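As stored in structure_17.cif (mmCIF, C-alpha atoms and all ligand atoms):
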data_final
loop_
_atom_site.label_atom_id
_atom_site.label_comp_id
_atom_site.auth_asym_id
_atom_site.auth_seq_id
_atom_site.Cartn_x
_atom_site.Cartn_y
_atom_site.Cartn_z
CA MET N 1 12.33 -31.94 -34.51
CA ARG N 2 11.59 -35.60 -35.27
CA VAL N 3 14.05 -38.36 -34.34
CA LEU N 4 14.35 -42.03 -35.21
CA GLY N 5 15.65 -44.00 -32.20
CA ILE N 6 17.42 -47.37 -32.45
CA GLU N 7 18.15 -49.71 -29.52
CA THR N 8 20.21 -52.89 -30.05
CA SER N 9 22.45 -53.15 -26.98
CA CYS N 10 21.36 -56.61 -25.84
CA ASP N 11 18.55 -58.96 -26.85
CA GLU N 12 15.82 -56.50 -27.84
CA THR N 13 15.57 -54.64 -31.14
CA GLY N 14 13.70 -51.42 -30.31
CA ILE N 15 12.77 -48.72 -32.83
CA ALA N 16 10.78 -45.53 -32.17
CA ILE N 17 9.97 -42.15 -33.63
CA TYR N 18 9.74 -39.23 -31.22
CA ASP N 19 8.70 -35.68 -32.13
CA ASP N 20 9.39 -32.84 -29.70
CA GLU N 21 5.99 -31.25 -30.39
CA GLN N 22 3.80 -34.32 -30.87
CA GLY N 23 5.56 -36.76 -28.51
CA LEU N 24 5.98 -40.44 -29.24
CA LEU N 25 4.63 -41.22 -32.73
CA SER N 26 5.41 -44.93 -32.91
CA HIS N 27 7.48 -47.64 -31.31
CA GLU N 28 8.31 -51.21 -32.31
CA LEU N 29 9.95 -53.92 -30.29
CA TYR N 30 11.23 -57.34 -31.17
CA SER N 31 12.36 -59.45 -28.22
CA GLN N 32 14.81 -62.31 -28.79
CA VAL N 33 13.87 -63.97 -25.49
CA LYS N 34 12.76 -67.24 -27.18
CA LEU N 35 15.97 -67.44 -29.21
CA HIS N 36 18.15 -67.39 -26.08
CA ALA N 37 15.86 -69.34 -23.71
CA ASP N 38 17.41 -72.75 -24.54
CA TYR N 39 20.85 -71.44 -23.55
CA GLY N 40 19.73 -69.94 -20.22
CA GLY N 41 21.17 -66.54 -21.15
CA VAL N 42 21.92 -64.21 -24.05
CA VAL N 43 24.29 -65.67 -26.69
CA PRO N 44 26.03 -62.57 -28.11
CA GLU N 45 26.65 -63.92 -31.64
CA LEU N 46 23.03 -65.03 -32.03
CA ALA N 47 21.85 -61.66 -30.69
CA SER N 48 23.86 -59.71 -33.30
CA ARG N 49 22.59 -61.87 -36.17
CA ASP N 50 18.99 -61.51 -35.06
CA HIS N 51 19.30 -57.70 -34.82
CA VAL N 52 20.57 -57.76 -38.45
CA ARG N 53 17.49 -59.72 -39.51
CA LYS N 54 14.93 -57.59 -37.67
CA ILE N 55 16.18 -54.01 -37.69
CA VAL N 56 15.21 -52.86 -41.21
CA PRO N 57 11.65 -54.29 -41.21
CA LEU N 58 11.09 -52.75 -37.77
CA ILE N 59 12.29 -49.34 -38.98
CA GLN N 60 9.95 -49.59 -41.97
CA ARG N 61 7.03 -50.45 -39.67
CA ALA N 62 7.79 -47.64 -37.23
CA MET N 63 7.98 -45.12 -40.11
CA GLN N 64 4.65 -46.36 -41.48
CA ASP N 65 2.90 -46.31 -38.08
CA ALA N 66 4.13 -42.76 -37.51
CA ASN N 67 3.00 -41.77 -40.99
CA THR N 68 6.49 -40.42 -41.50
CA THR N 69 8.70 -40.29 -44.60
CA SER N 70 12.48 -40.14 -44.52
CA ALA N 71 12.29 -36.44 -45.48
CA GLN N 72 10.51 -35.75 -42.17
CA ILE N 73 13.27 -37.28 -40.02
CA ASP N 74 15.62 -34.64 -38.59
CA GLY N 75 18.06 -36.89 -36.78
CA ILE N 76 19.00 -40.44 -35.80
CA ALA N 77 19.70 -41.64 -32.27
CA PHE N 78 21.28 -45.04 -31.72
CA THR N 79 22.44 -46.78 -28.55
CA GLN N 80 26.22 -46.44 -28.62
CA GLY N 81 26.89 -48.34 -25.36
CA PRO N 82 27.24 -49.94 -22.91
CA GLY N 83 26.22 -53.41 -24.08
CA LEU N 84 27.27 -56.34 -26.26
CA VAL N 85 29.68 -55.02 -28.86
CA GLY N 86 28.32 -57.02 -31.81
CA ALA N 87 24.75 -56.08 -30.99
CA LEU N 88 25.66 -52.39 -30.57
CA LEU N 89 27.48 -52.43 -33.93
CA VAL N 90 24.28 -53.40 -35.76
CA GLY N 91 22.35 -50.37 -34.45
CA ALA N 92 25.36 -48.07 -34.86
CA SER N 93 25.98 -49.17 -38.47
CA VAL N 94 22.36 -48.89 -39.53
CA GLY N 95 21.92 -45.59 -37.65
CA ARG N 96 25.00 -43.96 -39.15
CA SER N 97 24.16 -45.27 -42.65
CA LEU N 98 20.64 -43.82 -42.50
CA ALA N 99 22.03 -40.50 -41.23
CA TYR N 100 24.43 -40.45 -44.20
CA ALA N 101 21.77 -41.42 -46.72
CA TRP N 102 19.17 -38.98 -45.39
CA ASN N 103 21.75 -36.26 -44.76
CA VAL N 104 20.76 -35.71 -41.12
CA PRO N 105 22.85 -35.70 -37.92
CA ALA N 106 23.30 -38.80 -35.76
CA VAL N 107 23.89 -39.03 -32.04
CA GLY N 108 25.10 -41.96 -29.91
CA VAL N 109 23.00 -42.47 -26.78
CA HIS N 110 24.15 -44.02 -23.49
CA HIS N 111 21.82 -46.96 -22.80
CA MET N 112 21.51 -46.15 -19.07
CA GLU N 113 20.74 -42.50 -19.81
CA GLY N 114 17.93 -43.82 -21.99
CA HIS N 115 16.55 -45.87 -19.05
CA LEU N 116 16.98 -42.95 -16.67
CA LEU N 117 14.99 -40.58 -18.89
CA ALA N 118 12.25 -43.12 -19.78
CA PRO N 119 9.81 -41.74 -17.14
CA MET N 120 9.89 -38.44 -19.13
CA LEU N 121 7.86 -40.15 -21.86
CA ASP N 122 4.71 -39.97 -19.70
CA GLU N 123 2.94 -37.46 -17.48
CA PRO N 124 3.69 -36.42 -14.82
CA ALA N 125 7.36 -36.29 -15.79
CA PRO N 126 9.77 -35.87 -12.88
CA GLU N 127 11.49 -32.49 -12.65
CA PHE N 128 15.23 -32.19 -12.10
CA PRO N 129 17.01 -32.69 -9.74
CA PHE N 130 16.23 -36.23 -8.59
CA VAL N 131 17.83 -39.44 -7.39
CA ALA N 132 17.65 -42.32 -9.89
CA LEU N 133 17.80 -46.01 -9.06
CA LEU N 134 18.78 -47.88 -12.22
CA VAL N 135 18.05 -51.58 -11.87
CA SER N 136 18.50 -53.75 -14.95
CA GLY N 137 20.00 -57.09 -15.92
CA GLY N 138 23.44 -55.52 -16.24
CA HIS N 139 23.45 -52.60 -13.78
CA THR N 140 22.39 -51.54 -10.29
CA MET N 141 23.21 -47.89 -9.72
CA LEU N 142 22.11 -44.98 -7.59
CA VAL N 143 22.69 -41.72 -9.41
CA SER N 144 22.15 -38.12 -8.45
CA VAL N 145 20.69 -36.37 -11.51
CA GLU N 146 20.95 -32.60 -11.75
CA GLY N 147 19.98 -32.41 -15.41
CA ILE N 148 20.52 -34.31 -18.66
CA GLY N 149 24.14 -35.46 -18.69
CA LYS N 150 24.77 -34.16 -15.17
CA TYR N 151 25.14 -37.41 -13.30
CA LYS N 152 26.95 -38.30 -10.11
CA LEU N 153 27.27 -41.95 -9.20
CA LEU N 154 26.26 -42.41 -5.55
CA GLY N 155 26.59 -46.18 -5.38
CA GLU N 156 26.52 -49.36 -7.46
CA SER N 157 26.63 -53.12 -7.17
CA VAL N 158 30.02 -54.57 -6.33
CA ASP N 159 28.99 -57.91 -7.89
CA ASP N 160 25.72 -59.10 -9.52
CA ALA N 161 23.16 -56.59 -10.77
CA ALA N 162 19.68 -56.79 -9.21
CA GLY N 163 18.15 -58.23 -12.43
CA GLU N 164 20.99 -60.74 -12.71
CA ALA N 165 20.34 -61.88 -9.12
CA PHE N 166 16.63 -62.31 -9.98
CA ASP N 167 17.54 -64.30 -13.11
CA LYS N 168 20.09 -66.54 -11.36
CA THR N 169 17.78 -67.28 -8.41
CA ALA N 170 14.93 -67.96 -10.83
CA LYS N 171 17.16 -70.47 -12.64
CA LEU N 172 17.82 -72.25 -9.31
CA LEU N 173 14.03 -72.47 -8.92
CA GLY N 174 13.80 -74.10 -12.35
CA LEU N 175 12.27 -71.06 -14.10
CA ASP N 176 13.02 -70.10 -17.71
CA TYR N 177 15.29 -67.22 -18.78
CA PRO N 178 14.90 -64.31 -18.08
CA GLY N 179 13.45 -65.44 -14.80
CA GLY N 180 12.93 -62.07 -13.07
CA PRO N 181 9.27 -61.58 -14.05
CA LEU N 182 8.54 -65.33 -13.56
CA LEU N 183 10.06 -65.30 -10.07
CA ALA N 184 7.93 -62.23 -9.23
CA LYS N 185 4.84 -64.14 -10.38
CA LEU N 186 5.77 -67.19 -8.30
CA ALA N 187 6.34 -64.95 -5.25
CA GLU N 188 2.65 -63.95 -5.38
CA GLN N 189 1.82 -67.49 -4.14
CA GLY N 190 4.44 -67.30 -1.38
CA GLU N 191 3.69 -67.30 2.32
CA PRO N 192 5.31 -64.29 4.00
CA GLY N 193 7.66 -64.92 6.92
CA ARG N 194 8.47 -68.58 6.30
CA PHE N 195 12.01 -67.74 5.22
CA THR N 196 14.08 -64.64 5.87
CA PHE N 197 16.92 -63.75 3.51
CA PRO N 198 19.71 -61.30 4.45
CA ARG N 199 19.64 -57.59 3.43
CA PRO N 200 23.24 -57.37 2.13
CA MET N 201 25.36 -54.31 3.01
CA THR N 202 22.55 -52.47 4.82
CA ASP N 203 24.20 -52.65 8.25
CA ARG N 204 27.11 -50.44 7.21
CA PRO N 205 27.15 -46.92 5.80
CA GLY N 206 27.39 -46.31 2.06
CA LEU N 207 25.27 -46.72 -1.03
CA ASP N 208 26.85 -49.72 -2.74
CA PHE N 209 25.01 -53.00 -3.25
CA SER N 210 25.96 -56.67 -3.29
CA PHE N 211 23.52 -59.31 -4.52
CA SER N 212 25.59 -62.41 -5.25
CA GLY N 213 25.28 -63.69 -1.65
CA LEU N 214 21.48 -63.82 -1.97
CA LYS N 215 21.74 -66.29 -4.83
CA THR N 216 23.99 -68.54 -2.69
CA PHE N 217 21.55 -68.18 0.22
CA ALA N 218 18.74 -69.24 -2.14
CA ALA N 219 20.77 -72.25 -3.37
CA ASN N 220 21.41 -73.38 0.22
CA THR N 221 17.76 -72.91 1.21
CA ILE N 222 16.56 -74.92 -1.81
CA ARG N 223 19.03 -77.71 -0.94
CA ALA N 224 17.91 -77.80 2.69
CA GLU N 225 14.15 -77.40 2.17
CA GLY N 226 13.48 -79.37 -1.02
CA GLN N 227 11.58 -78.46 -4.18
CA ALA N 228 7.90 -78.67 -3.14
CA SER N 229 5.94 -76.05 -5.07
CA GLN N 230 4.82 -74.11 -1.98
CA THR N 231 8.40 -74.09 -0.69
CA GLN N 232 9.57 -72.70 -4.04
CA ALA N 233 7.00 -69.90 -3.88
CA ASP N 234 7.98 -69.12 -0.29
CA ILE N 235 11.67 -68.92 -1.30
CA ALA N 236 10.81 -66.70 -4.28
CA LEU N 237 8.90 -64.34 -1.98
CA ALA N 238 11.67 -64.26 0.65
CA PHE N 239 14.27 -63.52 -2.04
CA GLN N 240 12.18 -60.78 -3.68
CA THR N 241 11.40 -59.16 -0.32
CA ALA N 242 15.10 -59.09 0.56
CA VAL N 243 16.04 -57.43 -2.76
CA VAL N 244 13.18 -54.93 -2.55
CA GLU N 245 13.92 -53.93 1.05
CA THR N 246 17.64 -53.64 0.37
CA LEU N 247 16.99 -51.37 -2.62
CA SER N 248 14.52 -49.31 -0.59
CA ILE N 249 16.92 -48.83 2.36
CA LYS N 250 19.63 -47.56 -0.01
CA CYS N 251 17.20 -45.29 -1.90
CA ARG N 252 16.05 -43.75 1.39
CA ARG N 253 19.67 -43.19 2.38
CA ALA N 254 20.43 -41.57 -0.99
CA LEU N 255 17.42 -39.22 -0.65
CA GLU N 256 18.40 -38.28 2.90
CA GLN N 257 22.05 -37.80 1.93
CA THR N 258 21.27 -35.55 -1.07
CA GLY N 259 18.28 -33.80 0.51
CA LEU N 260 16.23 -34.60 -2.61
CA LYS N 261 12.55 -35.62 -2.55
CA ARG N 262 12.09 -37.10 -6.01
CA LEU N 263 13.14 -40.67 -6.79
CA VAL N 264 13.12 -42.17 -10.30
CA ILE N 265 13.37 -45.92 -10.82
CA ALA N 266 14.09 -47.36 -14.25
CA GLY N 267 15.48 -50.45 -15.97
CA GLY N 268 13.93 -53.92 -16.21
CA VAL N 269 13.54 -54.52 -12.46
CA SER N 270 11.55 -51.26 -12.09
CA ALA N 271 8.66 -53.26 -13.58
CA ASN N 272 8.55 -55.25 -10.32
CA LYS N 273 5.25 -54.55 -8.50
CA ALA N 274 6.58 -55.25 -5.01
CA LEU N 275 9.46 -52.82 -5.59
CA ARG N 276 7.09 -50.11 -6.82
CA ALA N 277 4.78 -50.57 -3.83
CA GLU N 278 7.64 -50.47 -1.32
CA LEU N 279 9.18 -47.34 -2.87
CA GLU N 280 5.76 -45.61 -2.96
CA GLN N 281 5.48 -46.17 0.80
CA MET N 282 9.07 -45.21 1.58
CA THR N 283 8.94 -41.94 -0.42
CA ALA N 284 5.51 -41.04 1.00
CA LYS N 285 6.96 -41.29 4.53
CA LEU N 286 9.68 -38.83 3.47
CA LYS N 287 7.01 -36.59 1.88
CA GLY N 288 8.61 -37.30 -1.48
CA ARG N 289 7.52 -39.08 -4.62
CA VAL N 290 8.62 -41.96 -6.81
CA TYR N 291 8.40 -41.90 -10.63
CA TYR N 292 8.77 -44.85 -12.98
CA PRO N 293 8.31 -45.53 -16.69
CA ARG N 294 5.17 -47.20 -18.03
CA LEU N 295 5.64 -50.99 -17.88
CA GLU N 296 6.65 -51.51 -21.52
CA PHE N 297 9.38 -48.84 -21.19
CA CYS N 298 10.96 -50.35 -18.04
CA THR N 299 12.78 -52.96 -20.11
CA ASP N 300 14.84 -52.14 -23.22
CA ASN N 301 13.03 -50.13 -25.91
CA GLY N 302 13.61 -47.64 -28.72
CA ALA N 303 11.40 -44.88 -27.29
CA MET N 304 13.82 -44.02 -24.48
CA ILE N 305 16.69 -43.83 -26.98
CA ALA N 306 14.73 -41.58 -29.37
CA TYR N 307 13.78 -39.30 -26.44
CA ALA N 308 17.31 -39.06 -24.98
CA GLY N 309 18.81 -38.60 -28.48
CA LEU N 310 16.39 -35.79 -29.29
CA GLN N 311 17.47 -33.85 -26.21
CA ARG N 312 21.11 -34.15 -27.25
CA LEU N 313 20.50 -33.40 -30.94
CA LYS N 314 18.51 -30.29 -29.97
CA ALA N 315 21.56 -29.15 -28.00
CA GLY N 316 23.69 -29.60 -31.14
CA GLN N 317 25.46 -32.74 -29.95
CA VAL N 318 26.26 -35.12 -32.81
CA VAL N 319 28.69 -37.95 -33.52
CA ASP N 320 30.71 -38.18 -36.69
CA LEU N 321 29.89 -41.06 -38.96
CA SER N 322 32.93 -43.09 -37.94
CA ALA N 323 31.78 -43.17 -34.28
CA LYS N 324 32.55 -46.51 -32.64
CA ALA N 325 30.35 -48.61 -30.38
CA LYS N 326 31.32 -48.25 -26.71
CA PRO N 327 30.68 -51.58 -24.94
CA ARG N 328 32.05 -50.00 -21.74
CA TRP N 329 31.05 -46.41 -21.09
CA THR N 330 30.45 -44.64 -17.77
CA LEU N 331 27.42 -42.41 -17.20
CA GLU N 332 29.56 -39.82 -15.46
CA SER N 333 31.68 -39.24 -18.58
CA LEU N 334 28.68 -37.90 -20.56
CA GLU N 335 28.55 -34.33 -21.76
CA PRO N 336 25.91 -32.19 -20.01
CA VAL N 337 23.01 -30.75 -22.02
CA GLU N 338 22.69 -27.10 -21.05
O1 LIG C 401 16.64 -53.17 -18.67
P1 LIG C 401 16.52 -54.55 -19.14
O2 LIG C 401 15.45 -54.89 -20.14
O3 LIG C 401 17.84 -55.04 -19.83
C1 LIG C 401 19.10 -54.65 -19.45
O4 LIG C 401 19.54 -53.54 -19.87
O5 LIG C 401 19.68 -55.42 -18.65
O6 LIG C 401 16.37 -55.47 -17.84
C2 LIG C 401 16.17 -56.84 -17.89
C3 LIG C 401 16.19 -57.40 -16.48
C4 LIG C 401 16.22 -58.92 -16.43
O7 LIG C 401 17.19 -59.33 -15.48
C5 LIG C 401 14.80 -59.28 -15.96
O8 LIG C 401 14.72 -60.50 -15.27
C6 LIG C 401 14.48 -58.11 -15.07
O9 LIG C 401 15.01 -56.99 -15.75
N1 LIG C 401 13.02 -57.96 -14.84
C7 LIG C 401 12.40 -58.14 -13.64
C8 LIG C 401 11.02 -57.91 -13.86
N2 LIG C 401 10.84 -57.60 -15.18
C9 LIG C 401 12.07 -57.63 -15.76
N3 LIG C 401 12.90 -58.45 -12.44
C10 LIG C 401 12.03 -58.56 -11.42
N4 LIG C 401 10.69 -58.37 -11.54
C11 LIG C 401 10.14 -58.05 -12.72
N5 LIG C 401 8.82 -57.86 -12.83
ZN ZN C 402 18.54 -51.99 -20.40
#
Let's see the structure in the file written out as structure tokens.
Ligand code: KG4
Ligand code: ZN
Amino acid sequence: MRVLGIETSCDETGIAIYDDEQGLLSHELYSQVKLHADYGGVVPELASRDHVRKIVPLIQRAMQDANTTSAQIDGIAFTQGPGLVGALLVGASVGRSLAYAWNVPAVGVHHMEGHLLAPMLDEPAPEFPFVALLVSGGHTMLVSVEGIGKYKLLGESVDDAAGEAFDKTAKLLGLDYPGGPLLAKLAEQGEPGRFTFPRPMTDRPGLDFSFSGLKTFAANTIRAEGQASQTQADIALAFQTAVVETLSIKCRRALEQTGLKRLVIAGGVSANKALRAELEQMTAKLKGRVYYPRLEFCTDNGAMIAYAGLQRLKAGQVVDLSAKAKPRWTLESLEPVE
């Protein structure tokens, strides 16, 4: 079975073709980062319009790269939610139209399920069951994963997502949007131990997160200590270390609580090197293992949507062609794939 995957939930147009025998045949990505940079965040209306401009040429390129004709496509997978409604509608409309024109089934994929399954695109793929830490610009969640569609939410952020906290703190440090990767780069020049940021919600039981206080702590530290470049790097490092350690403490708790040994991290922040290193160490101590997607599939992409969609299409799950976008959609409400 060969599936065309379409991702348009936020500010990246991602297209990929995945074949269950040959694996990933092609993937294309157009990032709108430059378009939104002047505004310091994603402007939904501009995002939708840019998806409209880019989606068809990207599909044509992905088909060419995969040496695939429309007759060889057996199904279409598009991100149905959660995300920006206008952006989702572009992928949903194009996906359903192609399914109608090519007379193949279509399936709507949950964006976070896509992230969660992204490590399956490479070897060694994690086996079920595992604990997943999903850390993106919009979500911070710990999920117990028994199989595809069998998800139990263990904890989530009560305020800002981890990526959002990175982006907001980066903005305070005068870095461009999205500041997460730039803050991580700046932290490499930081001197460890000069500042210590709190580890929110680690001193009480539970698996929920809170990151908005860290941004306030960063703002106060910047105000008190000034904007010298070494100070900025030291603040970036202290902030990153606090986020990484907080995530690690909660991941360890989730593994201990569930008795599982495998941890998957996915979503934009899983690209963070310090986070990967910390979780490698933490899981090794527990005689477990951490899995993450290759760097380009940590952030939004079409490959993860094609992969997740293929699993659901193979199980006979389809949407009818009037299926709506679901800007709000919980992971736990998904149908299991048996
Ligand atoms: O998964 P993603 O591409 O989009 C959403 O679904 O939200 O995640 C984007 C987020 C942004 O907040 C970005 O700053 C963050 O991931 N990010 C990072 C790094 N790379 C991306 N945060 C920290 N360190 C990184 N290396
Ligand atoms: Zn995402």
Each residue of range 268-320 of chain N with at least one atom at most 12 Å from range 145-158 of chain N should appear once, together with its nearest atom pair and the corresponding distance in Å (one decimal); atoms considered: all atoms listed in the file; ordering: chain, then increasing residue number; output as a Markdown table.
| residue | atom | partner | partner_atom | distance |
| --- | --- | --- | --- | --- |
| N:Tyr307 | CA | N:Ile148 | CA | 11.4 |
| N:Ala308 | CA | N:Ile148 | CA | 8.5 |
| N:Gly309 | CA | N:Ile148 | CA | 10.9 |
| N:Leu310 | CA | N:Ile148 | CA | 11.5 |
| N:Gln311 | CA | N:Ile148 | CA | 8.2 |
| N:Arg312 | CA | N:Ile148 | CA | 8.6 |
| N:Ala315 | CA | N:Ile148 | CA | 10.7 |
| N:Gln317 | CA | N:Gly149 | CA | 11.7 |
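With only C-alpha atoms and all ligand atoms as the basis for measurement, N:Val135 is the residue among N:Ile265, N:Val135, N:Met141, N:Ala228 that approaches ligand LIG 401 (chain C) most closely.
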Long-range neighbours of Gly14 in chain N as a VMD selection string, 7 Å cut-off, all atoms listed in the file, 5 positions minimum in chain: chain N and resid 6 to 8 28 to 30 301 to 302
Environment of ligand ZN 402 (chain C) within 10 Å, counting all atoms listed in the file, reported as an mmCIF file with C-alpha atoms, in the frame of the given file:
data_model
loop_
_atom_site.group_PDB
_atom_site.id
_atom_site.type_symbol
_atom_site.label_atom_id
_atom_site.label_comp_id
_atom_site.auth_asym_id
_atom_site.auth_seq_id
_atom_site.Cartn_x
_atom_site.Cartn_y
_atom_site.Cartn_z
ATOM 1 C CA GLU N 7 18.150 -49.710 -29.520
ATOM 2 C CA THR N 8 20.210 -52.890 -30.050
ATOM 3 C CA SER N 9 22.450 -53.150 -26.980
ATOM 4 C CA CYS N 10 21.360 -56.610 -25.840
ATOM 5 C CA ASP N 11 18.550 -58.960 -26.850
ATOM 6 C CA GLU N 12 15.820 -56.500 -27.840
ATOM 7 C CA PRO N 82 27.240 -49.940 -22.910
ATOM 8 C CA GLY N 83 26.220 -53.410 -24.080
ATOM 9 C CA HIS N 111 21.820 -46.960 -22.800
ATOM 10 C CA MET N 112 21.510 -46.150 -19.070
ATOM 11 C CA GLU N 113 20.740 -42.500 -19.810
ATOM 12 C CA GLY N 114 17.930 -43.820 -21.990
ATOM 13 C CA HIS N 115 16.550 -45.870 -19.050
ATOM 14 C CA LEU N 116 16.980 -42.950 -16.670
ATOM 15 C CA LEU N 134 18.780 -47.880 -12.220
ATOM 16 C CA VAL N 135 18.050 -51.580 -11.870
ATOM 17 C CA SER N 136 18.500 -53.750 -14.950
ATOM 18 C CA GLY N 137 20.000 -57.090 -15.920
ATOM 19 C CA GLY N 138 23.440 -55.520 -16.240
ATOM 20 C CA HIS N 139 23.450 -52.600 -13.780
ATOM 21 C CA ALA N 266 14.090 -47.360 -14.250
ATOM 22 C CA GLY N 267 15.480 -50.450 -15.970
ATOM 23 C CA GLY N 268 13.930 -53.920 -16.210
ATOM 24 C CA VAL N 269 13.540 -54.520 -12.460
ATOM 25 C CA PHE N 297 9.380 -48.840 -21.190
ATOM 26 C CA CYS N 298 10.960 -50.350 -18.040
ATOM 27 C CA THR N 299 12.780 -52.960 -20.110
ATOM 28 C CA ASP N 300 14.840 -52.140 -23.220
ATOM 29 C CA ASN N 301 13.030 -50.130 -25.910
#
Work out how far CA of Lys215 in chain N is from CA of Val290 in chain N, in Å to one decimal.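 Interatomic distance here is 27.7 Å.
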What is the CA of Ala77 in chain N-CA of Leu4 in chain N distance in Å, reported with one decimal?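 Distance reported for this atom pair: 6.1 Å.
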Rank nothing, just name the residue among N:Gly91, N:Gly5, N:Gly179, N:Gly75 nearest to ligand LIG 401 (chain C), using all atoms listed in the file.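 Among N:Gly91, N:Gly5, N:Gly179, N:Gly75, it is N:Gly179 that comes nearest to ligand LIG 401 (chain C).
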Step by step: start from the point (25.5, -58.7, -5.3) in the file's coordinates, keep every protein, DNA or RNA residue that has an atom no farther than 7 Å from it, count all atoms listed in the file, and write the set as JSON, numbers by chain. {"N": [157, 158, 159, 160, 161, 209, 210, 211, 212, 213]}
